[in-house]
>>> print(open('query01.txt').read())   # compact mmCIF, C-alpha atoms and all ligand atoms
# COMPACT_ATOMS: atom_id res chain seq x y z
CA MET A 1 38.50 62.21 -68.47
CA ASN A 2 38.34 64.04 -65.17
CA GLN A 3 39.09 62.74 -61.69
CA ARG A 4 36.16 61.52 -59.64
CA THR A 5 35.18 61.30 -55.99
CA LEU A 6 31.89 60.81 -54.13
CA LYS A 7 29.10 63.37 -53.83
CA GLY A 8 28.67 62.58 -50.13
CA GLU A 9 29.50 60.14 -47.38
CA VAL A 10 28.21 56.61 -47.16
CA HIS A 11 28.56 53.85 -44.51
CA LEU A 12 28.58 50.07 -44.49
CA GLU A 13 28.75 47.62 -41.61
CA GLY A 14 29.61 43.97 -41.30
CA ILE A 15 32.27 41.54 -40.13
CA GLY A 16 35.78 40.99 -41.45
CA LEU A 17 36.35 37.69 -43.28
CA HIS A 18 39.66 36.87 -41.61
CA THR A 19 39.40 38.64 -38.26
CA GLY A 20 35.67 37.96 -37.74
CA GLU A 21 35.44 41.38 -36.09
CA LYS A 22 32.49 43.71 -36.48
CA VAL A 23 33.47 46.84 -38.33
CA LYS A 24 32.07 49.96 -39.95
CA VAL A 25 33.49 51.64 -43.05
CA THR A 26 32.73 55.15 -44.19
CA PHE A 27 33.54 56.37 -47.67
CA SER A 28 34.19 60.08 -47.65
CA PRO A 29 34.86 62.49 -50.58
CA ALA A 30 38.50 63.62 -50.99
CA PRO A 31 40.22 66.42 -52.96
CA PRO A 32 41.71 65.95 -56.47
CA ASN A 33 45.10 64.19 -56.66
CA SER A 34 44.80 62.79 -53.14
CA GLY A 35 44.20 59.21 -54.31
CA ILE A 36 42.67 56.42 -52.24
CA ARG A 37 43.58 56.57 -48.55
CA LEU A 38 42.39 54.44 -45.66
CA ARG A 39 42.25 55.60 -42.05
CA ARG A 40 42.04 53.48 -38.90
CA THR A 41 39.65 55.56 -36.81
CA ASP A 42 39.84 53.12 -33.88
CA LEU A 43 43.55 53.82 -33.32
CA ARG A 44 44.98 56.85 -31.58
CA ASP A 45 45.62 59.79 -33.99
CA GLY A 46 43.70 57.91 -36.72
CA PRO A 47 46.69 56.89 -38.83
CA GLU A 48 46.26 56.98 -42.60
CA ILE A 49 47.53 54.43 -45.06
CA PRO A 50 47.67 55.23 -48.78
CA ALA A 51 46.32 52.36 -50.88
CA ARG A 52 49.51 51.80 -52.82
CA ILE A 53 51.93 48.94 -53.39
CA GLU A 54 54.64 50.52 -51.24
CA PHE A 55 52.33 50.02 -48.25
CA VAL A 56 51.44 46.38 -48.88
CA THR A 57 52.25 44.29 -45.80
CA SER A 58 50.79 40.90 -46.72
CA THR A 59 49.46 39.10 -49.78
CA HIS A 60 48.64 35.74 -48.18
CA HIS A 61 45.00 34.93 -49.16
CA ARG A 62 44.24 38.67 -49.02
CA THR A 63 45.92 42.02 -49.61
CA ALA A 64 46.82 43.93 -46.45
CA ILE A 65 48.30 47.42 -46.26
CA GLY A 66 49.95 49.16 -43.36
CA GLN A 67 52.18 51.91 -42.12
CA GLY A 68 53.90 51.93 -38.74
CA LYS A 69 51.71 49.98 -36.34
CA ALA A 70 48.51 50.54 -38.31
CA GLU A 71 47.42 47.76 -40.62
CA ILE A 72 44.26 47.02 -42.58
CA GLN A 73 43.54 43.50 -43.85
CA SER A 74 41.66 42.41 -46.96
CA VAL A 75 41.44 45.73 -48.78
CA GLU A 76 41.06 44.18 -52.24
CA HIS A 77 37.25 44.09 -52.52
CA LEU A 78 36.81 47.65 -51.37
CA LEU A 79 39.58 48.79 -53.73
CA SER A 80 38.11 46.74 -56.55
CA ALA A 81 34.77 48.55 -56.18
CA LEU A 82 36.53 51.93 -56.25
CA TYR A 83 38.68 51.05 -59.23
CA GLY A 84 35.80 49.45 -61.11
CA LEU A 85 33.65 52.55 -60.66
CA GLU A 86 36.59 54.81 -61.55
CA VAL A 87 36.68 56.66 -58.24
CA ASP A 88 40.11 58.31 -58.04
CA ASN A 89 40.06 60.19 -54.75
CA ILE A 90 38.48 59.01 -51.55
CA LEU A 91 39.11 58.71 -47.84
CA VAL A 92 37.95 55.42 -46.36
CA LEU A 93 37.44 55.40 -42.60
CA VAL A 94 37.61 51.95 -41.02
CA ASP A 95 37.02 51.46 -37.28
CA GLY A 96 38.77 48.10 -37.09
CA PRO A 97 41.52 45.98 -38.62
CA GLU A 98 39.54 44.72 -41.64
CA PRO A 99 36.71 46.07 -43.79
CA PRO A 100 33.56 43.92 -43.86
CA ILE A 101 33.32 40.96 -46.23
CA LEU A 102 29.53 41.54 -46.62
CA ASP A 103 28.20 38.91 -49.05
CA GLY A 104 31.69 38.01 -50.31
CA SER A 105 31.34 40.06 -53.49
CA THR A 106 32.05 43.73 -54.20
CA LEU A 107 28.41 44.44 -55.09
CA PRO A 108 27.36 45.87 -51.68
CA TYR A 109 30.32 48.30 -51.91
CA VAL A 110 29.38 49.23 -55.45
CA GLU A 111 25.75 49.84 -54.47
CA ALA A 112 26.78 51.99 -51.51
CA LEU A 113 29.14 54.07 -53.63
CA LEU A 114 26.52 54.55 -56.33
CA GLU A 115 23.99 55.51 -53.67
CA ALA A 116 26.36 58.25 -52.47
CA GLY A 117 26.77 59.36 -56.08
CA ILE A 118 29.93 59.93 -58.10
CA ALA A 119 31.17 63.48 -58.64
CA ASP A 120 33.32 64.84 -61.46
CA GLN A 121 36.08 66.98 -59.88
CA GLY A 122 36.89 69.07 -62.95
CA VAL A 123 40.60 68.15 -62.80
CA ALA A 124 42.09 65.96 -65.54
CA ARG A 125 42.83 62.38 -64.57
CA LYS A 126 46.23 60.98 -65.38
CA THR A 127 46.10 57.67 -67.18
CA TRP A 128 49.07 55.42 -67.76
CA ARG A 129 48.89 53.74 -71.12
CA ILE A 130 50.81 50.53 -71.49
CA ALA A 131 53.02 51.28 -74.49
CA THR A 132 55.26 48.22 -74.55
CA PRO A 133 54.33 44.70 -73.47
CA CYS A 134 55.23 43.73 -69.93
CA PHE A 135 55.52 40.11 -68.86
CA TYR A 136 55.73 38.38 -65.50
CA SER A 137 56.23 34.70 -64.82
CA ASN A 138 56.69 32.79 -61.59
CA ASP A 139 56.14 29.12 -60.87
CA GLY A 140 53.25 28.50 -63.28
CA VAL A 141 51.75 31.96 -62.87
CA GLU A 142 51.90 34.25 -65.89
CA ILE A 143 50.71 37.81 -66.23
CA PHE A 144 50.97 39.98 -69.35
CA ALA A 145 50.17 43.61 -69.95
CA LEU A 146 49.70 44.63 -73.57
CA PRO A 147 48.87 47.92 -75.26
CA GLN A 148 45.15 48.37 -75.84
CA LYS A 149 42.67 51.21 -75.85
CA GLY A 150 40.72 51.24 -72.60
CA LEU A 151 41.19 48.65 -69.88
CA LYS A 152 40.55 44.98 -70.48
CA ILE A 153 41.15 42.04 -68.16
CA SER A 154 41.41 38.41 -69.19
CA PHE A 155 41.81 35.76 -66.54
CA THR A 156 42.33 32.01 -66.43
CA ILE A 157 42.03 29.89 -63.31
CA ALA A 158 43.05 26.24 -63.32
CA TYR A 159 42.73 23.87 -60.37
CA ASP A 160 43.34 20.19 -59.99
CA HIS A 161 39.95 19.66 -58.36
CA PRO A 162 37.06 17.34 -59.32
CA PHE A 163 34.46 20.15 -59.35
CA LEU A 164 36.38 23.28 -60.34
CA LYS A 165 38.97 22.90 -63.08
CA THR A 166 39.63 25.58 -65.67
CA GLN A 167 37.68 28.77 -66.23
CA PHE A 168 38.46 31.66 -68.53
CA ALA A 169 36.77 35.05 -68.76
CA SER A 170 37.59 38.32 -70.44
CA PHE A 171 35.91 41.71 -70.07
CA PRO A 172 36.56 45.29 -71.09
CA ILE A 173 36.27 47.21 -67.83
CA THR A 174 33.89 50.15 -67.70
CA PRO A 175 31.85 51.12 -64.62
CA GLU A 176 28.70 49.62 -66.22
CA ILE A 177 30.31 46.31 -67.18
CA PHE A 178 32.05 46.11 -63.83
CA ARG A 179 28.81 46.58 -61.91
CA LYS A 180 26.89 44.01 -63.94
CA GLU A 181 29.46 41.34 -64.75
CA ILE A 182 32.20 41.46 -62.11
CA ALA A 183 30.94 43.04 -58.88
CA PRO A 184 28.33 40.34 -58.03
CA ALA A 185 30.90 37.50 -58.18
CA ARG A 186 31.63 36.18 -54.68
CA THR A 187 34.88 35.04 -53.14
CA TYR A 188 35.43 31.30 -52.90
CA GLY A 189 37.48 28.63 -51.24
CA PHE A 190 37.81 24.87 -51.25
CA GLU A 191 36.35 22.78 -48.46
CA ASP A 192 39.71 21.19 -47.78
CA TRP A 193 41.36 24.62 -47.31
CA VAL A 194 39.08 25.54 -44.43
CA GLU A 195 40.92 23.61 -41.71
CA ARG A 196 44.34 24.93 -42.72
CA LEU A 197 43.21 28.57 -43.04
CA ARG A 198 41.51 28.42 -39.62
CA MET A 199 44.77 27.04 -38.18
CA GLU A 200 46.58 30.05 -39.66
CA GLY A 201 44.15 32.35 -37.86
CA LEU A 202 42.40 33.31 -41.11
CA ILE A 203 38.71 33.17 -42.22
CA ARG A 204 37.43 33.52 -38.64
CA GLY A 205 34.43 35.38 -40.05
CA GLY A 206 33.91 33.04 -43.02
CA THR A 207 30.45 31.47 -43.48
CA LEU A 208 28.38 30.16 -46.37
CA GLU A 209 26.73 33.60 -46.37
CA ASN A 210 29.91 35.37 -47.41
CA ALA A 211 31.89 32.85 -49.45
CA ILE A 212 31.32 30.04 -51.90
CA VAL A 213 32.75 26.84 -50.50
CA ILE A 214 33.61 24.17 -53.03
CA GLY A 215 33.40 20.50 -52.08
CA GLU A 216 34.24 17.37 -54.09
CA LYS A 217 30.84 17.24 -55.77
CA GLY A 218 29.88 20.86 -55.96
CA ILE A 219 29.31 23.96 -53.88
CA LEU A 220 28.17 23.61 -50.27
CA ASN A 221 26.11 26.82 -50.36
CA LYS A 222 22.32 26.55 -50.57
CA THR A 223 22.08 29.58 -52.85
CA PRO A 224 23.02 28.92 -56.49
CA LEU A 225 26.00 30.42 -58.29
CA ARG A 226 25.37 33.91 -59.63
CA PHE A 227 27.23 33.07 -62.84
CA GLU A 228 28.41 29.73 -64.15
CA ASP A 229 31.93 31.18 -64.18
CA GLU A 230 31.51 33.17 -60.95
CA PHE A 231 34.93 32.00 -59.69
CA VAL A 232 37.00 33.48 -62.50
CA ARG A 233 34.90 36.65 -62.50
CA HIS A 234 35.70 37.10 -58.81
CA LYS A 235 39.40 36.77 -59.65
CA ILE A 236 39.04 39.57 -62.21
CA GLY A 237 37.56 41.72 -59.43
CA ASP A 238 40.46 40.84 -57.11
CA LEU A 239 42.95 41.75 -59.83
CA LEU A 240 41.25 45.14 -60.26
CA GLY A 241 41.56 45.71 -56.50
CA ASP A 242 45.27 44.98 -56.68
CA LEU A 243 45.58 47.15 -59.80
CA ALA A 244 44.23 50.05 -57.75
CA LEU A 245 47.47 49.83 -55.73
CA LEU A 246 49.31 51.39 -58.68
CA GLY A 247 47.65 54.63 -57.62
CA VAL A 248 46.78 55.54 -61.19
CA ARG A 249 44.40 54.43 -63.92
CA VAL A 250 45.85 52.01 -66.42
CA GLU A 251 44.94 51.54 -70.04
CA GLY A 252 45.89 48.22 -71.57
CA HIS A 253 45.00 44.57 -71.73
CA ILE A 254 46.02 42.55 -68.67
CA ILE A 255 46.06 38.80 -69.11
CA ALA A 256 46.49 36.80 -65.92
CA ILE A 257 46.91 33.05 -65.66
CA LYS A 258 46.57 31.36 -62.26
CA SER A 259 47.66 34.45 -60.38
CA GLY A 260 46.74 35.60 -56.86
CA HIS A 261 47.35 38.59 -54.61
CA GLU A 262 51.04 37.85 -54.10
CA THR A 263 51.85 37.59 -57.80
CA HIS A 264 49.52 40.50 -58.61
CA VAL A 265 51.45 42.77 -56.29
CA GLU A 266 54.78 41.58 -57.70
CA PHE A 267 53.47 42.24 -61.18
CA MET A 268 52.23 45.71 -60.20
CA ARG A 269 55.74 46.56 -59.00
CA LYS A 270 57.11 45.50 -62.36
CA LEU A 271 54.40 47.30 -64.24
CA ARG A 272 55.00 50.50 -62.38
CA GLU A 273 58.68 50.38 -63.17
CA ALA A 274 57.96 49.78 -66.86
CA ILE A 275 55.44 52.59 -66.91
CA GLN A 276 57.87 54.98 -65.27
CA MET A 277 60.41 54.27 -67.97
CA GLN A 278 58.00 55.42 -70.64
CA ASP A 279 58.37 58.99 -71.59
CA GLU A 280 55.67 60.52 -69.52
CA LYS A 281 53.66 63.41 -70.76
CA GLY A 282 52.50 64.15 -67.21
CA GLY A 283 56.07 64.67 -65.95
CA PHE A 284 58.35 67.71 -65.97
CA ASP A 285 61.39 67.94 -68.22
CA ILE A 286 64.55 69.84 -67.44
CA ASP A 287 63.31 73.17 -68.90
CA GLU A 288 60.33 73.02 -66.59
CA ILE A 289 62.48 71.98 -63.61
CA LEU A 290 64.80 74.98 -64.17
CA LYS A 291 61.79 77.29 -63.94
CA TRP A 292 60.95 75.97 -60.49
CA MET A 293 64.25 75.10 -58.90
CA PRO A 294 66.91 77.64 -57.86
CA HIS A 295 69.77 75.11 -58.20
CA ARG A 296 72.22 75.26 -61.11
CA TYR A 297 75.28 73.33 -62.28
CA PRO A 298 77.03 71.66 -60.58
CA PHE A 299 74.36 71.48 -57.93
CA LEU A 300 71.17 70.65 -59.74
CA LEU A 301 70.68 66.94 -59.06
CA VAL A 302 67.30 66.37 -60.77
CA ASP A 303 66.97 65.58 -64.48
CA ARG A 304 63.29 64.81 -64.68
CA ILE A 305 60.17 64.64 -62.53
CA LEU A 306 58.18 61.55 -63.49
CA GLU A 307 55.22 61.92 -61.22
CA LEU A 308 53.80 64.66 -59.07
CA SER A 309 50.64 64.63 -57.01
CA GLU A 310 49.47 66.47 -53.93
CA ASN A 311 51.52 64.41 -51.47
CA ARG A 312 53.95 62.53 -53.60
CA VAL A 313 56.74 63.03 -56.08
CA ILE A 314 59.06 60.84 -58.12
CA GLY A 315 62.16 62.31 -59.77
CA ILE A 316 65.25 60.94 -61.45
CA LYS A 317 68.89 61.83 -61.75
CA ASN A 318 70.95 60.13 -64.46
CA VAL A 319 74.37 59.67 -62.96
CA THR A 320 77.17 59.79 -65.56
CA ILE A 321 80.94 59.43 -65.35
CA ASN A 322 81.16 63.16 -66.23
CA GLU A 323 79.80 64.22 -62.82
CA HIS A 324 82.31 66.62 -61.25
CA PHE A 325 82.43 64.66 -57.97
CA PHE A 326 83.67 61.46 -59.57
CA GLN A 327 87.07 63.13 -60.18
CA GLY A 328 87.91 62.81 -56.54
CA HIS A 329 85.29 60.38 -55.14
CA PHE A 330 87.18 58.16 -55.74
CA PRO A 331 89.86 58.10 -58.47
CA GLY A 332 89.67 54.71 -60.17
CA GLN A 333 86.59 53.69 -58.18
CA PRO A 334 83.83 56.23 -58.75
CA VAL A 335 80.90 56.16 -56.30
CA MET A 336 78.40 58.97 -55.77
CA PRO A 337 78.88 60.63 -52.34
CA GLY A 338 76.11 59.59 -49.95
CA VAL A 339 75.41 63.19 -48.98
CA LEU A 340 74.74 63.99 -52.64
CA ILE A 341 72.31 61.07 -52.93
CA ILE A 342 70.47 62.65 -50.01
CA GLU A 343 70.74 66.07 -51.67
CA ALA A 344 69.27 64.65 -54.90
CA MET A 345 66.37 63.18 -52.92
CA ALA A 346 65.89 66.43 -51.02
CA GLN A 347 65.76 68.42 -54.28
CA VAL A 348 63.01 66.16 -55.61
CA GLY A 349 61.16 66.74 -52.34
CA GLY A 350 61.74 70.48 -52.70
CA PHE A 351 60.08 70.35 -56.12
CA LEU A 352 56.96 68.87 -54.52
CA LEU A 353 56.98 71.40 -51.72
CA LEU A 354 57.31 74.36 -54.11
CA HIS A 355 54.19 73.10 -55.86
CA ARG A 356 52.25 73.31 -52.62
CA VAL A 357 52.99 76.94 -51.68
CA GLU A 358 51.75 80.24 -52.98
CA ASN A 359 54.15 82.43 -55.01
CA PRO A 360 56.77 79.68 -55.36
CA LYS A 361 58.99 81.98 -57.45
CA ASN A 362 59.70 84.02 -54.31
CA LYS A 363 60.35 81.05 -52.07
CA LEU A 364 63.21 78.74 -51.19
CA VAL A 365 63.12 75.37 -49.48
CA TYR A 366 65.60 74.86 -46.66
CA PHE A 367 66.02 71.48 -45.05
CA SER A 368 66.17 71.78 -41.29
CA ARG A 369 66.47 68.12 -40.35
CA ILE A 370 67.23 64.83 -41.97
CA ASP A 371 66.60 61.74 -39.87
CA LYS A 372 66.80 58.01 -40.10
CA VAL A 373 69.15 58.10 -43.06
CA LYS A 374 70.34 54.75 -44.29
CA PHE A 375 72.61 54.02 -47.21
CA ARG A 376 72.16 50.55 -48.58
CA LYS A 377 74.06 50.35 -51.85
CA PRO A 378 76.51 52.55 -53.75
CA VAL A 379 75.45 54.57 -56.81
CA ARG A 380 77.88 54.32 -59.72
CA PRO A 381 78.30 55.99 -63.12
CA GLY A 382 75.55 54.81 -65.48
CA ASP A 383 72.97 54.39 -62.72
CA GLN A 384 69.65 56.16 -62.72
CA LEU A 385 68.85 57.38 -59.22
CA ARG A 386 65.08 57.50 -58.69
CA SER A 387 63.84 59.40 -55.65
CA GLU A 388 60.34 58.78 -54.34
CA LEU A 389 59.06 61.07 -51.60
CA GLU A 390 55.82 61.11 -49.70
CA MET A 391 54.68 64.13 -47.73
CA ILE A 392 53.49 62.94 -44.34
CA ARG A 393 52.87 66.31 -42.74
CA PHE A 394 52.65 69.89 -43.95
CA ARG A 395 51.61 72.57 -41.51
CA LYS A 396 52.55 76.22 -41.03
CA GLY A 397 55.33 76.09 -43.62
CA LEU A 398 56.95 73.05 -42.01
CA CYS A 399 56.95 69.88 -44.00
CA ILE A 400 57.98 66.31 -43.23
CA MET A 401 58.64 63.91 -46.06
CA LYS A 402 59.65 60.28 -46.15
CA GLY A 403 61.92 59.37 -49.01
CA LYS A 404 63.47 56.39 -50.69
CA GLY A 405 66.13 56.35 -53.38
CA PHE A 406 66.19 53.50 -55.88
CA VAL A 407 68.38 52.20 -58.65
CA GLY A 408 66.11 49.87 -60.61
CA ASN A 409 64.23 47.84 -58.01
CA GLU A 410 66.80 48.19 -55.27
CA ILE A 411 66.63 50.66 -52.45
CA ILE A 412 69.84 52.69 -52.35
CA ALA A 413 69.07 55.09 -49.53
CA GLU A 414 66.23 56.27 -47.37
CA GLY A 415 65.53 59.01 -44.89
CA GLU A 416 63.04 61.37 -43.33
CA PHE A 417 63.29 65.00 -44.40
CA THR A 418 62.05 68.06 -42.55
CA ALA A 419 61.95 71.26 -44.57
CA VAL A 420 60.82 74.83 -44.14
CA VAL A 421 59.73 77.23 -46.83
CA VAL A 422 61.33 80.65 -46.58
CA GLU A 423 61.00 83.90 -48.54
CA LYS A 424 63.81 84.66 -50.97
CA LYS A 425 65.85 87.73 -49.94
ZN ZN A 501 38.48 38.30 -53.43
>>> encode(input="query01.txt", output="structure tokens")
Amino acid sequence: MNQRTLKGEVHLEGIGLHTGEKVKVTFSPAPPNSGIRLRRTDLRDGPEIPARIEFVTSTHHRTAIGQGKAEIQSVEHLLSALYGLEVDNILVLVDGPEPPILDGSTLPYVEALLEAGIADQGVARKTWRIATPCFYSNDGVEIFALPQKGLKISFTIAYDHPFLKTQFASFPITPEIFRKEIAPARTYGFEDWVERLRMEGLIRGGTLENAIVIGEKGILNKTPLRFEDEFVRHKIGDLLGDLALLGVRVEGHIIAIKSGHETHVEFMRKLREAIQMQDEKGGFDIDEILKWMPHRYPFLLVDRILELSENRVIGIKNVTINEHFFQGHFPGQPVMPGVLIIEAMAQVGGFLLLHRVENPKNKLVYFSRIDKVKFRKPVRPGDQLRSELEMIRFRKGLCIMKGKGFVGNEIIAEGEFTAVVVEKK
């Protein structure tokens, strides 16, 4: 399957569910491998926020993403529509802090996107197939991911409420099924939540026109339910929106029990880690790395590139006791020198940069500045150092990247890297 974007621009207007503010969103086509990005056009310089788990800032009754001072609330319905319709690359312009809730479902988004038309970009899409089961459990919430051809979501909700108790639904997810069975399902809340949520400054824009409100004896809305099990179908849509935060298409069966945005995002983090551990066909092995990188022993600090896209790279270095630097750093208590952690991260960034220039064989990457470096934990023999870098600017041969180094789930080091590309002599 190839990557997809829109054929043209399309706009939607409405009010945000939580902020109650009037807002306009514009969906705009974007190049292959650029992913889903949101831009706050009402803020100075129009800051962009990639729709990915690293940028999640809140999961309380909604999913919010942000970077620096820019934040966008309640992105899950918009992302659900994009994921459900298999749109890979898009720029979403939002002129306020929250996209519109519309009728509380994702259908108006779906209709707008289909009206713009979906375009095949002629570049192969990368799909992550769940190869080994992944399991998450937390305080009564359980989420499983199992191998399966295509994507399938099964969901169970269970409330201790006189009207709404347990609902279960399960659907294979294709754009057609999504549009018909999932997208029309509206968001919902219980009558006795309303007071508390208002106190928390949420649902300021909530009305019976954009949410189902459930009372003791039934729904308070005048319009009937769109499906008998509309509630659980909406949760499947929300899960798809949170799944979009992985930044890649997933193939597998996801089974969620009583989960919400917070647990979804925690599960996505786990899932991404599990997926990265799988031997990835889309990555670059050491033979390939040696073709691109000028470094050699003992100064090549990348073993494998797991993921590479236009603005982002993930690479690993397996740190063993045989590393030359452990002889002296320190005898009897080996820890990897901090400067070499930074070097390993910089080399992964260099790999990304070399993929963005013409004639990379004749070029070298020099780092001219490294800022905001923090070391959080030591790296020891046996650790796998995973460097994740995001290109935040690339102009006239000068590139700025933000990077984080991880061992497992823990951040080891971080920093901001400025590099220039120079001709080899
Ligand atoms: Zn929702």
>>> residues_around(input="query01.txt", residues="region 209-220 of chain A", least_positions_apart="4", cutoff="12 Å", atoms="only C-alpha atoms", output="ChimeraX atom specification")
/A:14-18,20,100-108,159-165,184-194,203-205,224-226,228,230-231,234
>>> closest_residue(input="query01.txt", among="A:Ile153, A:Leu246, A:Ala419, A:Val232", to="Ile392 (chain A)", atoms="only C-alpha atoms")
A:Ala419
>>> residues_near_ligand(input="query01.txt", ligand="ligand ZN 501 (chain A)", cutoff="7 Å", atoms="all atoms listed in the file", output="list in words")
Glu76, His77, Thr187, His234, Lys235, Gly237 and Asp238 of chain A
>>> closest_atom_pairs(input="query01.txt", of="region 296-332 of chain A", to="region 344-349 of chain A", cutoff="9 Å", atoms="all atoms listed in the file", output="JSON lines")
{"residue": "A:Leu300", "atom": "CA", "partner": "A:Ala344", "partner_atom": "CA", "distance": 7.9}
{"residue": "A:Leu301", "atom": "CA", "partner": "A:Ala344", "partner_atom": "CA", "distance": 5.0}
{"residue": "A:Val302", "atom": "CA", "partner": "A:Ala344", "partner_atom": "CA", "distance": 6.4}
{"residue": "A:Ile305", "atom": "CA", "partner": "A:Val348", "partner_atom": "CA", "distance": 7.6}
{"residue": "A:Arg312", "atom": "CA", "partner": "A:Gly349", "partner_atom": "CA", "distance": 8.4}
{"residue": "A:Val313", "atom": "CA", "partner": "A:Gly349", "partner_atom": "CA", "distance": 6.9}
{"residue": "A:Ile314", "atom": "CA", "partner": "A:Val348", "partner_atom": "CA", "distance": 7.1}
{"residue": "A:Gly315", "atom": "CA", "partner": "A:Val348", "partner_atom": "CA", "distance": 5.7}
{"residue": "A:Ile316", "atom": "CA", "partner": "A:Val348", "partner_atom": "CA", "distance": 8.1}
{"residue": "A:Lys317", "atom": "CA", "partner": "A:Ala344", "partner_atom": "CA", "distance": 7.4}
>>> write_last_selection(input="query01.txt", atoms="C-alpha atoms", output="PDB file, in the frame of the given file")
ATOM      1  CA  LEU A 300      71.170  70.650 -59.740  1.00  0.00           C
ATOM      2  CA  LEU A 301      70.680  66.940 -59.060  1.00  0.00           C
ATOM      3  CA  VAL A 302      67.300  66.370 -60.770  1.00  0.00           C
ATOM      4  CA  ILE A 305      60.170  64.640 -62.530  1.00  0.00           C
ATOM      5  CA  ARG A 312      53.950  62.530 -53.600  1.00  0.00           C
ATOM      6  CA  VAL A 313      56.740  63.030 -56.080  1.00  0.00           C
ATOM      7  CA  ILE A 314      59.060  60.840 -58.120  1.00  0.00           C
ATOM      8  CA  GLY A 315      62.160  62.310 -59.770  1.00  0.00           C
ATOM      9  CA  ILE A 316      65.250  60.940 -61.450  1.00  0.00           C
ATOM     10  CA  LYS A 317      68.890  61.830 -61.750  1.00  0.00           C
TER      11      LYS A 317
END
>>> atom_distance(input="query01.txt", atom1="CA of Gly382 (chain A)", atom2="CA of Leu290 (chain A)")
22.9 Å
>>> axis_aligned_box(input="query01.txt", around="region 401-407 of chain A", padding_each_side="3 Å", output="lines of an AutoDock Vina configuration file")
center_x = 63.5
center_y = 58.1
center_z = -52.4
size_x = 15.7
size_y = 17.7
size_z = 18.6
>>> atom_distance(input="query01.txt", atom1="CA of Asp383 (chain A)", atom2="CA of Gly408 (chain A)")
8.5 Å
>>> closest_residue(input="query01.txt", among="A:Gly117, A:Pro334, A:Gly84, A:Gly35", to="Gly8 (chain A)", atoms="all atoms listed in the file")
A:Gly117
>>> closest_residue(input="query01.txt", among="A:Val23, A:Leu113, A:Val373, A:Leu43", to="Val10 (chain A)", atoms="only C-alpha atoms")
A:Leu113
>>> closest_residue(input="query01.txt", among="A:His60, A:Arg39, A:Lys270, A:Lys291", to="Ala145 (chain A)", atoms="only C-alpha atoms")
A:Lys270
>>> residues_near_point(input="query01.txt", point="(47.4, 52.9, -58.0)", cutoff="10 Å", atoms="all atoms listed in the file", output="list in words")
Gly35, Ile36, Pro50, Ala51, Arg52, Ile53, Leu79, Tyr83, Asp88, Gly241, Asp242, Leu243, Ala244, Leu245, Leu246, Gly247, Val248, Arg249, Val250, Met268 and Arg272 of chain A
